[in-house]
Amino acid sequence: MVSKKLNLLGQALLLLATVAWGTSFFILKETIKVVPAFYVIAIRFLSAGLIMALICAPRLKKLNKTTFFYGVIIGVFVTLAYITQTIGLKHTTPGRNAFLTSSYCVMCPFLIWLIFKKRPKLYNVISAFTCIVGIGLIALSGERDTGENLLFGDGLTLISAVFFGLQIIYIDLFQKKGADALLMLIFEFLTVGVLFAICSLSFEFSVLGIKGYALNTEQIIKIAYLTLICTLFAQSAQMIGQKFTSPNQSSIILSLESVFGMAFSVLFGAEKLSVMLGVGLVLVFSAIMISELKLDPMQLLRKKCKFNQEDREKGKEI
């Protein structure tokens, strides 16, 4: 039984993680305007992986081939997720990118159905329908004279959500098989960093040369923030926070990432809210809440009928 103090600590850590991730969309968008995107992510994840490996050095003695292999698999999913999300971010706004990325919560039950043949519940279907309507409104909204191909950017972001969903599913699967979560995280980070370094050398260095990799003080600070706060701290805070909170508490708090992403985007002038965009965002967030809270309307109706029946019986007794 977790004490109230530890539960509050867990909730606070999860909230701080979501705030950090919320800021990452805007900061990454600003950074990749002037610095090669794959280069930024390579530095971010290689640094985070090496720092975590140093912190957890004694734990590395427990490493086996299976855990290493699991970490690499998850790293491949994360790499594909970040490639599509980052390219998508170049063509859409940070707020839209944040909300559409968070749709992985809705996609997970259907990915599980596809992979493990486990049928989704009714609330998953309702959540998916609500999310699709919301995504449609988001896609139809927005200014078209900004020089950004919003539809292309939004589409790539949705593809990234699929890979983030696969990451979550397989982390859960591998942990159930007994893999060490911290060791998997180390090799997930290192895999992402190495693969992005290869992508950067293949597609960015050949075009920009060594001069394209030069960083000024402002860019170094932004990349350091993305590495230390948005990756290393946020991932660790999530892992510790989830130990002291219930699944419902953690899922609700973590889903606020999209809200913070939009809030920071609007605050720093990267986003202009319209009625259609606002309704679309509300629908996507509602879909996430339905999925995470497991709001099955038939179950709620049955509970309501049961309560009404009990009230009638109490009335008869009186």
# chains A, B, ... in the order shown; residues from 1 in each chain; ligands from 1
>>> residues_around(residues="A:Ile87", least_positions_apart="2", cutoff="12 Å", atoms="only C-alpha atoms", output="number ranges by chain")
A: 28-29, 32-33, 36-38, 41, 80-85, 89-94, 97, 148-150, 152-160
>>> residues_around(residues="stretch 1-5 of chain A", least_positions_apart="3", cutoff="7 Å", atoms="only C-alpha atoms", output="number ranges by chain")
A: 8-9, 244
>>> write_last_selection(atoms="C-alpha atoms", output="PDB file, in the first residue's frame")
ATOM      1  CA  LEU A   8       1.595  12.797  -4.144  1.00  0.00           C
ATOM      2  CA  LEU A   9       5.314  12.550  -4.967  1.00  0.00           C
ATOM      3  CA  PHE A 244       3.704   5.332  -6.653  1.00  0.00           C
TER       4      PHE A 244
END
>>> select_by_dssp(residues="stretch 97-304 of chain A", states="alpha helix (DSSP H)", output="PyMOL selection string")
chain A and resi 97-101+104-116+122-140+150-176+181-200+206-208+217-227+234-243+247-254+257-267+275-293+297-304
>>> closest_residue(among="A:Leu183, A:Ile112, A:Leu100, A:Cys56", to="A:Gly136", atoms="only C-alpha atoms")
A:Leu100
>>> closest_residue(among="A:Ile115, A:Met262, A:Cys199, A:Leu6", to="A:Gly95", atoms="only C-alpha atoms")
A:Met262
>>> residues_around(residues="A:Phe196", least_positions_apart="5", cutoff="9 Å", atoms="only C-alpha atoms", output="list in words")
Phe38, Tyr39, Val40, Ile41, Ala42, Ile43, Phe45, Thr79, Ile83, Thr191 and Leu201 of chain A
>>> write_last_selection(atoms="N, CA and C atoms", output="PDB file, in the first residue's frame")
ATOM      1  N   PHE A  38      18.087  15.518 -37.592  1.00  0.00           N
ATOM      2  CA  PHE A  38      18.608  14.204 -37.203  1.00  0.00           C
ATOM      3  C   PHE A  38      19.835  14.360 -36.295  1.00  0.00           C
ATOM      4  N   TYR A  39      20.636  15.386 -36.557  1.00  0.00           N
ATOM      5  CA  TYR A  39      21.823  15.687 -35.752  1.00  0.00           C
ATOM      6  C   TYR A  39      21.419  16.026 -34.315  1.00  0.00           C
ATOM      7  N   VAL A  40      20.373  16.840 -34.175  1.00  0.00           N
ATOM      8  CA  VAL A  40      19.880  17.238 -32.849  1.00  0.00           C
ATOM      9  C   VAL A  40      19.434  16.014 -32.052  1.00  0.00           C
ATOM     10  N   ILE A  41      18.646  15.149 -32.693  1.00  0.00           N
ATOM     11  CA  ILE A  41      18.105  13.982 -31.988  1.00  0.00           C
ATOM     12  C   ILE A  41      19.212  12.975 -31.682  1.00  0.00           C
ATOM     13  N   ALA A  42      20.207  12.860 -32.566  1.00  0.00           N
ATOM     14  CA  ALA A  42      21.347  11.972 -32.297  1.00  0.00           C
ATOM     15  C   ALA A  42      22.090  12.410 -31.037  1.00  0.00           C
ATOM     16  N   ILE A  43      22.375  13.716 -30.940  1.00  0.00           N
ATOM     17  CA  ILE A  43      23.054  14.245 -29.742  1.00  0.00           C
ATOM     18  C   ILE A  43      22.193  14.003 -28.510  1.00  0.00           C
ATOM     19  N   PHE A  45      19.816  11.765 -27.774  1.00  0.00           N
ATOM     20  CA  PHE A  45      19.656  10.403 -27.261  1.00  0.00           C
ATOM     21  C   PHE A  45      20.994   9.725 -26.937  1.00  0.00           C
ATOM     22  N   THR A  79      12.985   5.273 -32.942  1.00  0.00           N
ATOM     23  CA  THR A  79      13.647   5.957 -34.059  1.00  0.00           C
ATOM     24  C   THR A  79      12.649   6.264 -35.169  1.00  0.00           C
ATOM     25  N   ILE A  83      11.557   9.997 -36.346  1.00  0.00           N
ATOM     26  CA  ILE A  83      11.780  10.420 -37.730  1.00  0.00           C
ATOM     27  C   ILE A  83      10.499  11.022 -38.302  1.00  0.00           C
ATOM     28  N   THR A 191      20.417   3.089 -28.991  1.00  0.00           N
ATOM     29  CA  THR A 191      20.005   2.653 -30.331  1.00  0.00           C
ATOM     30  C   THR A 191      19.459   3.819 -31.141  1.00  0.00           C
ATOM     31  N   LEU A 201      24.578  11.508 -40.817  1.00  0.00           N
ATOM     32  CA  LEU A 201      25.755  11.430 -41.680  1.00  0.00           C
ATOM     33  C   LEU A 201      25.370  11.111 -43.124  1.00  0.00           C
TER      34      LEU A 201
END
>>> residues_around(residues="A:Ile132", least_positions_apart="4", cutoff="9 Å", atoms="only C-alpha atoms", output="list in words")
Ser127, Ala128, Gly136, Leu137, Leu283, Val284 and Ala287 of chain A
>>> residues_around(residues="A:Leu140", least_positions_apart="3", cutoff="12 Å", atoms="only C-alpha atoms", output="MDAnalysis selection string")
chainID A and resid 96 133:137 143:144 150:151 154 274:280
>>> closest_residue(among="A:Ser286, A:Ser236, A:Thr130, A:Ser246", to="A:Ile55", atoms="only C-alpha atoms")
A:Ser236
>>> closest_atom_pairs(of="stretch 154-272 of chain A", to="stretch 68-73 of chain A", cutoff="8 Å", atoms="only C-alpha atoms", output="JSON lines")
{"residue": "A:Phe174", "atom": "CA", "partner": "A:Tyr70", "partner_atom": "CA", "distance": 6.9}
{"residue": "A:Ala179", "atom": "CA", "partner": "A:Tyr70", "partner_atom": "CA", "distance": 8.0}
{"residue": "A:Leu183", "atom": "CA", "partner": "A:Gly71", "partner_atom": "CA", "distance": 7.5}
{"residue": "A:Met184", "atom": "CA", "partner": "A:Gly71", "partner_atom": "CA", "distance": 4.3}
{"residue": "A:Leu185", "atom": "CA", "partner": "A:Gly71", "partner_atom": "CA", "distance": 6.5}
{"residue": "A:Ile186", "atom": "CA", "partner": "A:Gly71", "partner_atom": "CA", "distance": 7.5}
{"residue": "A:Phe187", "atom": "CA", "partner": "A:Gly71", "partner_atom": "CA", "distance": 4.9}
{"residue": "A:Glu188", "atom": "CA", "partner": "A:Gly71", "partner_atom": "CA", "distance": 4.7}
{"residue": "A:Thr191", "atom": "CA", "partner": "A:Val72", "partner_atom": "CA", "distance": 5.8}
>>> closest_residue(among="A:Phe25, A:Thr31, A:Val194, A:Lys177", to="A:Asn216", atoms="only C-alpha atoms")
A:Thr31
>>> closest_residue(among="A:Ala181, A:Ala197, A:Ile240, A:Leu273", to="A:Leu60", atoms="only C-alpha atoms")
A:Ala181
>>> residues_around(residues="A:Val34", least_positions_apart="6", cutoff="10 Å", atoms="only C-alpha atoms", output="ChimeraX atom specification")
/A:212,215,219
>>> write_last_selection(atoms="N, CA and C atoms", output="mmCIF file, in the first residue's frame")
data_model
loop_
_atom_site.group_PDB
_atom_site.id
_atom_site.type_symbol
_atom_site.label_atom_id
_atom_site.label_comp_id
_atom_site.auth_asym_id
_atom_site.auth_seq_id
_atom_site.Cartn_x
_atom_site.Cartn_y
_atom_site.Cartn_z
ATOM 1 N N GLY A 212 27.590 22.775 -41.207
ATOM 2 C CA GLY A 212 26.192 22.629 -40.820
ATOM 3 C C GLY A 212 26.015 22.070 -39.422
ATOM 4 N N LEU A 215 27.481 24.656 -33.709
ATOM 5 C CA LEU A 215 26.422 25.091 -32.796
ATOM 6 C C LEU A 215 26.850 26.351 -32.061
ATOM 7 N N GLN A 219 21.915 27.394 -29.235
ATOM 8 C CA GLN A 219 21.550 26.056 -29.722
ATOM 9 C C GLN A 219 22.041 24.961 -28.778
#
